[in-house]
$ cat protein_6.txt   # compact mmCIF, C-alpha atoms
# COMPACT_ATOMS: atom_id res chain seq x y z
CA MET V 1 -9.64 -19.66 13.53
CA PRO V 2 -6.35 -20.43 15.34
CA ASN V 3 -5.42 -23.00 12.66
CA ALA V 4 -5.71 -20.43 9.86
CA TYR V 5 -3.25 -18.09 11.55
CA ARG V 6 -0.92 -20.88 12.63
CA GLU V 7 -0.78 -22.02 9.01
CA ILE V 8 0.52 -18.73 7.62
CA PHE V 9 3.40 -18.74 10.10
CA SER V 10 4.51 -22.16 8.91
CA ALA V 11 6.31 -20.54 5.97
CA PRO V 12 10.09 -20.32 6.53
CA GLY V 13 11.08 -16.92 7.94
CA ALA V 14 7.50 -15.72 8.48
CA LYS V 15 7.77 -15.42 12.24
CA ALA V 16 11.09 -13.61 12.05
CA PHE V 17 10.18 -10.93 9.49
CA SER V 18 6.72 -10.30 10.98
CA SER V 19 8.20 -9.88 14.49
CA ALA V 20 10.85 -7.47 13.23
CA GLY V 21 8.18 -5.64 11.25
CA LEU V 22 6.08 -5.23 14.39
CA ILE V 23 8.96 -3.54 16.20
CA ALA V 24 9.67 -1.31 13.22
CA ARG V 25 6.05 -0.18 12.74
CA LEU V 26 5.46 0.93 16.34
CA PRO V 27 7.48 4.16 15.83
CA LEU V 28 4.95 5.75 13.43
CA PRO V 29 2.07 6.34 15.90
CA LEU V 30 4.60 6.63 18.73
CA THR V 31 6.39 9.47 16.94
CA HIS V 32 3.22 11.43 16.18
CA MET V 33 1.94 11.32 19.75
CA GLY V 34 5.49 11.66 21.09
CA ILE V 35 6.03 14.94 19.23
CA LEU V 36 2.64 16.18 20.36
CA THR V 37 3.31 15.32 24.02
CA MET V 38 6.92 16.53 23.98
CA LEU V 39 6.13 19.98 22.60
CA SER V 40 3.03 20.44 24.73
CA GLU V 41 5.21 19.67 27.76
CA THR V 42 8.19 21.85 26.76
CA THR V 43 6.32 24.83 25.28
CA GLY V 44 2.85 24.60 26.81
CA GLU V 45 1.42 25.44 23.37
CA TYR V 46 -0.95 22.79 22.11
CA ALA V 47 -1.50 24.55 18.80
CA LEU V 48 2.23 24.48 18.02
CA ALA V 49 2.50 20.86 19.18
CA GLY V 50 -0.42 19.82 16.98
CA LEU V 51 0.93 21.63 13.92
CA VAL V 52 4.39 20.10 14.22
CA ALA V 53 2.99 16.61 14.85
CA GLY V 54 0.67 17.08 11.88
CA THR V 55 3.63 18.14 9.74
CA PHE V 56 5.30 14.82 10.53
CA THR V 57 2.15 12.82 9.73
CA PHE V 58 1.45 14.52 6.42
CA SER V 59 5.13 14.42 5.49
CA MET V 60 5.12 10.65 5.94
CA ALA V 61 1.86 10.37 4.00
CA PHE V 62 3.63 12.00 1.03
CA LEU V 63 7.21 10.74 1.44
CA GLY V 64 6.28 7.18 2.48
CA PRO V 65 5.03 6.25 -1.01
CA GLN V 66 8.20 7.73 -2.52
CA VAL V 67 10.30 5.48 -0.27
CA SER V 68 8.16 2.50 -1.26
CA LYS V 69 8.49 3.42 -4.94
CA ALA V 70 12.26 3.29 -4.50
CA VAL V 71 11.87 -0.07 -2.74
CA ASP V 72 9.94 -1.45 -5.72
CA ARG V 73 12.77 -0.36 -8.03
CA ARG V 74 15.82 -1.23 -5.89
CA GLY V 75 14.72 -3.63 -3.18
CA GLN V 76 14.02 -3.38 0.56
CA SER V 77 17.58 -4.09 1.69
CA ARG V 78 19.03 -1.22 -0.36
CA VAL V 79 16.46 1.47 0.43
CA LEU V 80 15.23 0.89 3.98
CA PRO V 81 18.56 1.53 5.79
CA LEU V 82 19.04 4.85 3.99
CA ALA V 83 15.47 6.07 4.54
CA THR V 84 15.58 4.98 8.17
CA GLY V 85 18.89 6.77 8.74
CA VAL V 86 17.61 10.05 7.32
CA SER V 87 14.38 9.81 9.30
CA VAL V 88 16.20 9.11 12.59
CA ILE V 89 18.62 12.00 11.95
CA GLY V 90 15.64 14.30 11.37
CA LEU V 91 13.98 13.08 14.55
CA ALA V 92 17.18 13.55 16.57
CA ALA V 93 17.56 17.09 15.23
CA LEU V 94 13.93 17.80 16.16
CA LEU V 95 14.60 16.68 19.73
CA LEU V 96 17.68 18.88 19.95
CA CYS V 97 15.81 21.91 18.61
CA ALA V 98 12.94 21.37 21.05
CA THR V 99 15.39 21.04 23.93
CA ALA V 100 17.50 24.05 22.96
CA ASP V 101 14.47 26.29 22.31
CA ALA V 102 15.60 26.78 18.70
CA PRO V 103 13.57 28.90 16.24
CA ARG V 104 10.19 27.35 15.59
CA TRP V 105 10.75 26.93 11.88
CA THR V 106 13.43 24.35 12.69
CA LEU V 107 10.78 22.19 14.39
CA PHE V 108 8.74 22.08 11.21
CA LEU V 109 11.80 21.48 9.03
CA PHE V 110 13.00 18.45 10.99
CA ALA V 111 9.46 17.11 11.47
CA LEU V 112 9.24 17.19 7.67
CA LEU V 113 12.55 15.32 7.36
CA SER V 114 11.46 12.74 9.94
CA GLY V 115 8.58 11.88 7.63
CA LEU V 116 10.98 9.88 5.45
CA MET V 117 10.25 7.02 7.89
CA PRO V 118 9.46 3.93 5.77
CA SER V 119 5.99 2.38 5.88
CA MET V 120 6.94 -0.92 7.50
CA SER V 121 3.39 -2.29 7.40
CA ALA V 122 3.57 -2.09 3.59
CA MET V 123 6.98 -3.79 3.62
CA VAL V 124 5.61 -6.66 5.71
CA ARG V 125 2.53 -7.00 3.50
CA ALA V 126 4.78 -7.14 0.44
CA ARG V 127 6.59 -10.13 1.95
CA TRP V 128 3.34 -11.91 2.75
CA THR V 129 2.18 -11.25 -0.82
CA GLU V 130 5.34 -12.77 -2.25
CA ILE V 131 4.89 -15.90 -0.12
CA TYR V 132 1.14 -16.45 -0.52
CA ARG V 133 0.20 -14.82 -3.82
CA GLY V 134 -2.65 -16.74 -5.43
CA THR V 135 -3.73 -18.57 -2.26
CA PRO V 136 -6.43 -18.09 0.42
CA GLN V 137 -3.69 -17.66 3.02
CA LEU V 138 -3.02 -14.17 1.67
CA THR V 139 -6.36 -12.91 3.01
CA THR V 140 -5.51 -14.37 6.41
CA ALA V 141 -2.14 -12.62 6.35
CA TYR V 142 -3.70 -9.30 5.32
CA SER V 143 -6.30 -9.64 8.07
CA MET V 144 -3.64 -10.27 10.67
CA GLU V 145 -1.70 -7.22 9.48
CA SER V 146 -4.80 -5.03 9.82
CA VAL V 147 -5.25 -6.25 13.38
CA VAL V 148 -1.58 -5.58 14.15
CA ASP V 149 -1.98 -2.06 12.76
CA GLU V 150 -4.93 -1.53 15.10
CA LEU V 151 -2.88 -2.74 18.07
CA THR V 152 0.00 -0.38 17.30
CA TYR V 153 -2.40 2.56 17.19
CA VAL V 154 -3.81 1.55 20.58
CA ILE V 155 -0.50 0.79 22.31
CA SER V 156 1.79 3.48 20.90
CA PRO V 157 -0.15 6.68 21.77
CA ALA V 158 -0.69 5.54 25.36
CA LEU V 159 2.98 4.55 25.63
CA ALA V 160 4.06 7.93 24.25
CA VAL V 161 2.07 9.84 26.87
CA VAL V 162 3.44 7.68 29.69
CA LEU V 163 7.07 7.99 28.56
CA SER V 164 7.05 11.74 27.97
CA THR V 165 5.14 12.62 31.13
CA ALA V 166 6.64 10.10 33.58
CA LEU V 167 10.29 10.29 32.43
CA PHE V 168 11.18 13.41 30.43
CA PRO V 169 9.46 15.20 27.52
CA GLN V 170 11.80 13.87 24.84
CA ALA V 171 11.48 10.24 25.99
CA ALA V 172 8.73 9.12 23.58
CA PRO V 173 10.23 10.37 20.28
CA LEU V 174 13.66 9.20 21.44
CA PHE V 175 12.30 5.71 22.10
CA ALA V 176 10.52 5.78 18.72
CA GLY V 177 13.80 6.47 16.94
CA LEU V 178 15.53 3.62 18.77
CA LEU V 179 12.70 1.21 17.99
CA LEU V 180 12.86 2.14 14.30
CA LEU V 181 16.61 1.50 14.17
CA VAL V 182 16.32 -1.84 15.95
CA GLY V 183 13.30 -3.01 13.96
CA VAL V 184 14.80 -2.17 10.56
CA ALA V 185 18.16 -3.65 11.59
CA LEU V 186 16.39 -6.93 12.37
CA PHE V 187 14.13 -6.81 9.31
CA VAL V 188 16.53 -5.99 6.48
CA PRO V 189 19.03 -8.89 6.89
CA GLN V 190 16.24 -11.43 6.34
CA LYS V 191 16.97 -11.76 2.63
CA ALA V 192 15.23 -15.13 2.17
CA THR V 193 11.78 -13.54 2.43
CA GLU V 194 12.61 -10.22 0.75
CA PRO V 195 10.55 -9.74 -2.43
CA PRO V 196 12.80 -9.66 -5.49
CA VAL V 197 12.82 -6.54 -7.64
CA LYS V 198 10.25 -7.11 -10.36
CA ALA V 199 11.04 -6.41 -13.99
CA ARG V 200 9.17 -3.40 -15.32
CA ALA V 201 6.78 -4.06 -18.17
CA ASP V 202 7.75 -2.88 -21.63
CA GLY V 203 6.74 0.72 -22.07
CA ALA V 204 6.21 1.24 -18.35
CA GLY V 205 7.42 4.71 -17.51
CA ASP V 206 8.37 6.20 -14.18
CA ALA V 207 4.79 7.12 -13.30
CA SER V 208 3.64 6.79 -9.72
CA ALA V 209 1.28 3.96 -8.80
CA VAL V 210 -1.23 6.53 -7.55
CA ARG V 211 -1.82 7.65 -11.14
CA SER V 212 -3.61 4.34 -11.62
CA ALA V 213 -7.36 4.96 -11.33
CA PRO V 214 -8.06 2.03 -8.95
CA VAL V 215 -5.20 2.97 -6.63
CA LEU V 216 -6.20 6.64 -6.55
CA LEU V 217 -9.89 5.92 -5.93
CA LEU V 218 -9.21 3.35 -3.22
CA ALA V 219 -6.76 5.72 -1.50
CA LEU V 220 -9.51 8.36 -1.51
CA VAL V 221 -11.98 5.84 -0.10
CA LEU V 222 -9.56 5.19 2.76
CA LEU V 223 -9.02 8.90 3.24
CA CYS V 224 -12.77 9.32 3.76
CA GLY V 225 -12.97 6.18 5.85
CA GLY V 226 -10.02 7.26 7.99
CA ALA V 227 -11.85 10.44 8.92
CA ILE V 228 -14.27 8.30 10.96
CA PRO V 229 -11.69 6.98 13.49
CA GLY V 230 -10.20 10.49 13.37
CA MET V 231 -13.56 11.83 14.54
CA VAL V 232 -13.67 9.14 17.23
CA ASP V 233 -10.26 10.31 18.52
CA THR V 234 -11.43 13.90 18.94
CA MET V 235 -15.08 13.47 19.82
CA GLY V 236 -14.45 10.52 22.12
CA LEU V 237 -12.26 12.78 24.22
CA ALA V 238 -14.71 15.67 24.07
CA PHE V 239 -17.72 13.47 24.80
CA ALA V 240 -16.06 11.83 27.82
CA GLU V 241 -15.16 15.28 29.15
CA GLU V 242 -18.76 16.45 28.71
CA GLN V 243 -19.89 13.41 30.69
CA GLY V 244 -17.59 14.41 33.55
CA ASN V 245 -14.88 11.75 33.24
CA LYS V 246 -12.25 12.52 30.63
CA SER V 247 -10.25 9.39 31.47
CA LEU V 248 -13.03 7.26 29.96
CA ALA V 249 -11.92 8.41 26.51
CA GLY V 250 -9.28 5.68 26.62
CA LEU V 251 -12.06 3.10 26.89
CA ILE V 252 -13.76 4.52 23.81
CA PHE V 253 -10.53 4.33 21.78
CA ALA V 254 -9.83 0.77 22.93
CA VAL V 255 -13.36 -0.40 22.10
CA TYR V 256 -13.04 0.85 18.51
CA ALA V 257 -9.81 -1.10 18.06
CA LEU V 258 -11.39 -4.14 19.72
CA GLY V 259 -14.33 -4.15 17.30
CA SER V 260 -12.07 -3.75 14.31
CA GLY V 261 -9.52 -6.29 15.54
CA LEU V 262 -12.04 -9.04 16.32
CA SER V 263 -13.85 -8.65 13.01
CA GLY V 264 -10.51 -8.63 11.17
CA LEU V 265 -9.44 -11.89 12.84
CA LEU V 266 -12.76 -13.57 12.06
CA PHE V 267 -12.73 -12.33 8.47
CA GLY V 268 -9.21 -13.61 7.90
CA ALA V 269 -10.09 -17.08 9.20
CA ARG V 270 -12.80 -17.47 6.53
CA THR V 271 -12.84 -17.44 2.73
CA PRO V 272 -16.28 -16.04 1.79
CA ASN V 273 -17.40 -16.90 -1.73
CA VAL V 274 -18.21 -13.31 -2.64
CA PRO V 275 -16.60 -11.19 -5.38
CA LEU V 276 -14.20 -8.52 -4.13
CA PRO V 277 -16.17 -5.53 -5.54
CA ARG V 278 -19.31 -6.71 -3.75
CA LEU V 279 -17.40 -7.18 -0.50
CA LEU V 280 -16.02 -3.68 -0.87
CA LEU V 281 -19.50 -2.24 -1.35
CA VAL V 282 -20.85 -4.11 1.68
CA GLY V 283 -17.91 -3.03 3.85
CA VAL V 284 -18.07 0.65 2.93
CA ALA V 285 -21.88 0.75 3.09
CA GLY V 286 -21.70 -0.82 6.55
CA THR V 287 -19.07 1.70 7.58
CA ALA V 288 -21.27 4.58 6.40
CA LEU V 289 -24.42 3.24 8.09
CA THR V 290 -22.71 2.70 11.44
CA THR V 291 -22.01 6.43 11.67
CA LEU V 292 -25.73 7.18 12.05
CA PRO V 293 -26.12 5.86 15.64
CA PHE V 294 -23.51 8.40 16.80
CA LEU V 295 -26.23 11.05 16.54
CA PHE V 296 -28.29 9.39 19.27
CA VAL V 297 -25.61 8.68 21.88
CA ASP V 298 -26.23 10.20 25.33
CA SER V 299 -23.78 8.32 27.59
CA VAL V 300 -20.23 7.01 27.61
CA ALA V 301 -21.56 3.44 27.61
CA GLY V 302 -23.67 4.25 24.56
CA MET V 303 -20.71 5.85 22.84
CA ALA V 304 -18.60 2.75 23.51
CA ALA V 305 -21.28 0.48 22.04
CA VAL V 306 -21.64 2.59 18.91
CA VAL V 307 -17.86 2.88 18.48
CA PHE V 308 -17.52 -0.92 18.75
CA LEU V 309 -20.14 -1.34 16.00
CA ALA V 310 -18.37 1.22 13.80
CA GLY V 311 -15.09 -0.63 14.20
CA VAL V 312 -16.56 -3.96 13.07
CA PHE V 313 -16.50 -2.99 9.39
CA PHE V 314 -13.11 -1.28 9.42
CA ALA V 315 -10.50 -4.06 9.34
CA PRO V 316 -12.38 -6.32 6.87
CA THR V 317 -12.81 -3.38 4.49
CA MET V 318 -9.10 -2.64 4.72
CA VAL V 319 -8.34 -6.28 3.93
CA VAL V 320 -10.61 -6.22 0.87
CA ILE V 321 -9.04 -3.00 -0.39
CA MET V 322 -5.54 -4.43 -0.05
CA GLY V 323 -6.73 -7.53 -1.89
CA ILE V 324 -8.03 -5.45 -4.79
CA VAL V 325 -4.80 -3.43 -4.90
CA GLU V 326 -2.76 -6.64 -5.02
CA ARG V 327 -4.87 -7.88 -7.93
CA VAL V 328 -4.92 -4.77 -10.12
CA THR V 329 -1.41 -3.36 -9.51
CA PRO V 330 1.64 -4.49 -11.50
CA GLU V 331 4.09 -6.37 -9.30
CA HIS V 332 6.81 -3.76 -9.83
CA GLN V 333 4.57 -1.11 -8.18
CA LEU V 334 2.89 -3.15 -5.45
CA THR V 335 4.75 -1.83 -2.38
CA GLU V 336 4.18 1.77 -3.47
CA ALA V 337 0.48 1.14 -4.12
CA MET V 338 0.02 -0.45 -0.68
CA THR V 339 1.79 2.50 0.91
CA TRP V 340 -0.61 4.90 -0.81
CA MET V 341 -3.47 3.01 0.86
CA ILE V 342 -1.85 3.47 4.26
CA ALA V 343 -1.05 7.10 3.48
CA GLY V 344 -4.67 7.74 2.52
CA LEU V 345 -5.85 6.20 5.78
CA GLN V 346 -3.35 8.15 7.91
CA SER V 347 -4.25 11.41 6.18
CA GLY V 348 -7.94 10.73 6.71
CA VAL V 349 -7.44 10.11 10.42
CA ALA V 350 -5.47 13.35 10.78
CA ILE V 351 -7.98 15.38 8.76
CA GLY V 352 -10.98 13.85 10.54
CA ALA V 353 -9.51 14.57 13.96
CA ALA V 354 -8.66 18.18 13.04
CA VAL V 355 -11.92 19.01 11.25
CA SER V 356 -14.16 17.47 13.90
CA GLY V 357 -12.27 19.43 16.56
CA VAL V 358 -12.78 22.72 14.74
CA VAL V 359 -16.45 21.97 14.05
CA TYR V 360 -17.04 20.88 17.65
CA ASP V 361 -15.49 24.09 19.04
CA ARG V 362 -17.75 26.25 16.89
CA PHE V 363 -21.01 24.30 16.64
CA GLY V 364 -21.08 21.64 19.36
CA THR V 365 -21.18 17.86 19.76
CA THR V 366 -23.74 16.93 17.12
CA ALA V 367 -21.94 18.94 14.45
CA GLY V 368 -18.58 17.41 15.41
CA ILE V 369 -19.99 13.89 15.13
CA SER V 370 -21.58 14.75 11.78
CA VAL V 371 -18.09 14.89 10.26
CA ALA V 372 -18.13 11.08 10.35
CA LEU V 373 -21.48 10.95 8.55
CA VAL V 374 -20.19 13.16 5.76
CA ALA V 375 -17.00 11.11 5.49
CA GLY V 376 -18.92 7.82 5.38
CA ALA V 377 -21.24 9.14 2.69
CA GLY V 378 -18.26 10.34 0.68
CA ALA V 379 -16.58 6.94 0.89
CA LEU V 380 -19.78 5.18 -0.22
CA LEU V 381 -20.26 7.57 -3.16
CA LEU V 382 -16.68 6.96 -4.31
CA VAL V 383 -17.16 3.20 -4.20
CA LEU V 384 -20.43 3.35 -6.12
CA CYS V 385 -18.72 5.41 -8.83
CA ALA V 386 -15.67 3.12 -8.88
CA LEU V 387 -17.43 -0.27 -8.99
CA PRO V 388 -17.77 -0.61 -12.79
CA MET V 389 -14.12 0.29 -13.30
CA LEU V 390 -12.97 -2.06 -10.52
CA ARG V 391 -14.97 -4.94 -11.98
CA THR V 392 -13.37 -4.35 -15.37
CA ARG V 393 -9.85 -4.12 -13.95
CA LEU V 394 -10.29 -7.24 -11.82
CA ALA V 395 -11.66 -9.21 -14.77
CA ARG V 396 -8.70 -8.07 -16.85
CA ALA V 397 -6.30 -9.04 -14.06
CA ASP V 398 -7.88 -12.51 -13.84
CA GLY V 399 -7.45 -12.93 -17.55
CA THR V 400 -3.74 -12.10 -17.46
CA ALA V 401 -2.73 -13.30 -13.99
CA ALA V 402 0.15 -15.70 -13.65
CA VAL V 403 -1.98 -17.88 -11.39
CA PRO V 404 -5.15 -18.80 -13.29
CA GLY V 405 -8.42 -18.14 -11.53
CA PRO V 406 -12.11 -17.60 -12.20
CA PRO V 407 -13.40 -14.21 -13.32
CA ALA V 408 -13.70 -11.48 -10.73
CA GLU V 409 -17.50 -11.43 -10.83
CA THR V 410 -17.88 -15.13 -10.10
CA ALA V 411 -18.14 -16.34 -6.54
CA THR V 412 -14.46 -16.40 -5.61
CA PRO V 413 -12.83 -16.89 -2.23
CA VAL V 414 -11.44 -13.52 -1.21
CA GLY V 415 -7.93 -14.82 -0.79
CA CYS V 416 -7.73 -16.70 -4.09
CA ARG V 417 -5.70 -14.53 -6.37

$ encode --input "protein_6.txt" --output "structure tokens"
Amino acid sequence: MPNAYREIFSAPGAKAFSSAGLIARLPLPLTHMGILTMLSETTGEYALAGLVAGTFTFSMAFLGPQVSKAVDRRGQSRVLPLATGVSVIGLAALLLCATADAPRWTLFLFALLSGLMPSMSAMVRARWTEIYRGTPQLTTAYSMESVVDELTYVISPALAVVLSTALFPQAAPLFAGLLLLVGVALFVPQKATEPPVKARADGAGDASAVRSAPVLLLALVLLCGGAIPGMVDTMGLAFAEEQGNKSLAGLIFAVYALGSGLSGLLFGARTPNVPLPRLLLVGVAGTALTTLPFLFVDSVAGMAAVVFLAGVFFAPTMVVIMGIVERVTPEHQLTEAMTWMIAGLQSGVAIGAAVSGVVYDRFGTTAGISVALVAGAGALLLVLCALPMLRTRLARADGTAAVPGPPAETATPVGCR
């Protein structure tokens, strides 16, 4: 396993752009939790804090793909500084309004503007794709990126709470803005690894990548799948509190990321000879089935074990979905399409956390956990409906790809594109 990951970093510039990308992607989860903590500290109103933080998250879910669409058309170095500048200005204005006790509508306005923050994980994946397109190393790179995403969502929320409670309420979103500026400033000048702007195909209009059936369906699959870790966020906290030790919720969150991260690393170190559509079906079916044991948990230790199992399918499924997107999306829309995947996942996490909280308050623990079962079943149903179309699109992509390869339904290493 170590050799597979060492190999991808042998490419010139890989260590530099991935390190800068790591710094620049930390601000997303840091900002969400930072806004939540800041406003709960300054106003004492958790409902207001949650709504403003949710405004930021959903704003980025919508605006992020628009930024990435501009990147596909004009290049990373031209678009990222502008989008970053606007996002940081919006975040700074939000901090000022929270400090000055400005009218509440200003909090929502500047949270909306802050959502112009670029999706740096998509930018990094686009660079890996440019370097390793058509090789098994691309799966390894995608797997590593999924693990890094997991780590940022474990580290950043905890860091946000510590900063805004131990220093001053505005500390976490302030630090997020500084990290974004530094990360993008280090990332953009690395022109040698920047993907060139791809020529648009004849007759290609200005349509969004999400209007492509595979991209839309896979984004919806991730929206449903994201509701499961969203449920874990809310119900893990509620379950630990019911068991008399709320601090154990942190263990539950960490165990989910651990299961996902380990399986992602192992998956990326191998090249299974299984067609992508079949891998997708296995991953989503496994994700759906691992929601069932949640119904029988009666202790924090049991919850941790079940959460670990649920996480095992998450990162590999994300890797497979990104692999399919890379195969079926025209090169001039790839960054936008990848960003829609991330936006679908982020939206699912936010929706899952909110819905499970509402259901738990009204109907109790079992009902709150059942949100994950419904989400898993929805994801599986979408995949079953999408499989024939995905097989057709992948076969068509194999027939027209620049790098020749066997048909999609033959036994193909996942990374060979």

$ closest_atom_pairs --input "protein_6.txt" --of "stretch 292-349 of chain V" --to "stretch 53-63 of chain V" --cutoff "7 Å" --atoms "all atoms listed in the file" --output "tab-separated table"
residue	atom	partner	partner_atom	distance
V:Ala343	CA	V:Ala61	CA	4.4
V:Gln346	CA	V:Ala61	CA	6.9
V:Ser347	CA	V:Phe58	CA	6.5

$ residues_around --input "protein_6.txt" --residues "V:Ser164" --least-positions-apart "2" --cutoff "12 Å" --atoms "only C-alpha atoms" --output "ChimeraX atom specification"
/V:30-31,33-42,157-162,166-176

$ closest_atom_pairs --input "protein_6.txt" --of "stretch 150-246 of chain V" --to "stretch 250-268 of chain V" --cutoff "12 Å" --atoms "all atoms listed in the file" --output "JSON lines"
{"residue": "V:Glu150", "atom": "CA", "partner": "V:Ala257", "partner_atom": "CA", "distance": 5.7}
{"residue": "V:Leu151", "atom": "CA", "partner": "V:Ala257", "partner_atom": "CA", "distance": 7.1}
{"residue": "V:Thr152", "atom": "CA", "partner": "V:Ala257", "partner_atom": "CA", "distance": 9.9}
{"residue": "V:Tyr153", "atom": "CA", "partner": "V:Ala257", "partner_atom": "CA", "distance": 8.3}
{"residue": "V:Val154", "atom": "CA", "partner": "V:Ala254", "partner_atom": "CA", "distance": 6.5}
{"residue": "V:Ile155", "atom": "CA", "partner": "V:Ala254", "partner_atom": "CA", "distance": 9.4}
{"residue": "V:Pro157", "atom": "CA", "partner": "V:Gly250", "partner_atom": "CA", "distance": 10.4}
{"residue": "V:Ala158", "atom": "CA", "partner": "V:Gly250", "partner_atom": "CA", "distance": 8.7}
{"residue": "V:Ile228", "atom": "CA", "partner": "V:Tyr256", "partner_atom": "CA", "distance": 10.7}
{"residue": "V:Pro229", "atom": "CA", "partner": "V:Tyr256", "partner_atom": "CA", "distance": 8.0}
{"residue": "V:Gly230", "atom": "CA", "partner": "V:Phe253", "partner_atom": "CA", "distance": 10.4}
{"residue": "V:Met231", "atom": "CA", "partner": "V:Phe253", "partner_atom": "CA", "distance": 10.9}
{"residue": "V:Val232", "atom": "CA", "partner": "V:Phe253", "partner_atom": "CA", "distance": 7.3}
{"residue": "V:Asp233", "atom": "CA", "partner": "V:Phe253", "partner_atom": "CA", "distance": 6.8}
{"residue": "V:Thr234", "atom": "CA", "partner": "V:Phe253", "partner_atom": "CA", "distance": 10.0}
{"residue": "V:Met235", "atom": "CA", "partner": "V:Ile252", "partner_atom": "CA", "distance": 9.9}
{"residue": "V:Gly236", "atom": "CA", "partner": "V:Ile252", "partner_atom": "CA", "distance": 6.3}
{"residue": "V:Leu237", "atom": "CA", "partner": "V:Gly250", "partner_atom": "CA", "distance": 8.1}
{"residue": "V:Ala238", "atom": "CA", "partner": "V:Ile252", "partner_atom": "CA", "distance": 11.2}
{"residue": "V:Phe239", "atom": "CA", "partner": "V:Ile252", "partner_atom": "CA", "distance": 9.8}
{"residue": "V:Ala240", "atom": "CA", "partner": "V:Ile252", "partner_atom": "CA", "distance": 8.6}
{"residue": "V:Glu241", "atom": "CA", "partner": "V:Gly250", "partner_atom": "CA", "distance": 11.5}
{"residue": "V:Asn245", "atom": "CA", "partner": "V:Gly250", "partner_atom": "CA", "distance": 10.6}
{"residue": "V:Lys246", "atom": "CA", "partner": "V:Gly250", "partner_atom": "CA", "distance": 8.5}

$ closest_residue --input "protein_6.txt" --among "V:Ala141, V:Val355, V:Ala185, V:Val274" --to "V:Thr129" --atoms "only C-alpha atoms"
V:Ala141

$ closest_residue --input "protein_6.txt" --among "V:Gly225, V:Pro136, V:Pro81, V:Pro275" --to "V:Ala377" --atoms "all atoms listed in the file"
V:Gly225

$ atom_distance --input "protein_6.txt" --atom1 "atom CA of V:Pro214" --atom2 "atom CA of V:Ala397"
12.3 Å

$ residues_around --input "protein_6.txt" --residues "V:Thr140" --least-positions-apart "5" --cutoff "7 Å" --atoms "all atoms listed in the file" --output "ChimeraX atom specification"
/V:4-5,268-269

$ atom_distance --input "protein_6.txt" --atom1 "atom CA of V:Arg211" --atom2 "atom CA of V:Ser146"
24.7 Å

$ axis_aligned_box --input "protein_6.txt" --around "stretch 236-244 of chain V" --padding-each-side "6 Å" --output "lines of an AutoDock Vina configuration file"
center_x = -16.1
center_y = 13.5
center_z = 27.8
size_x = 19.6
size_y = 17.9
size_z = 23.4

$ atom_distance --input "protein_6.txt" --atom1 "atom CA of V:Ile351" --atom2 "atom CA of V:Val86"
26.2 Å
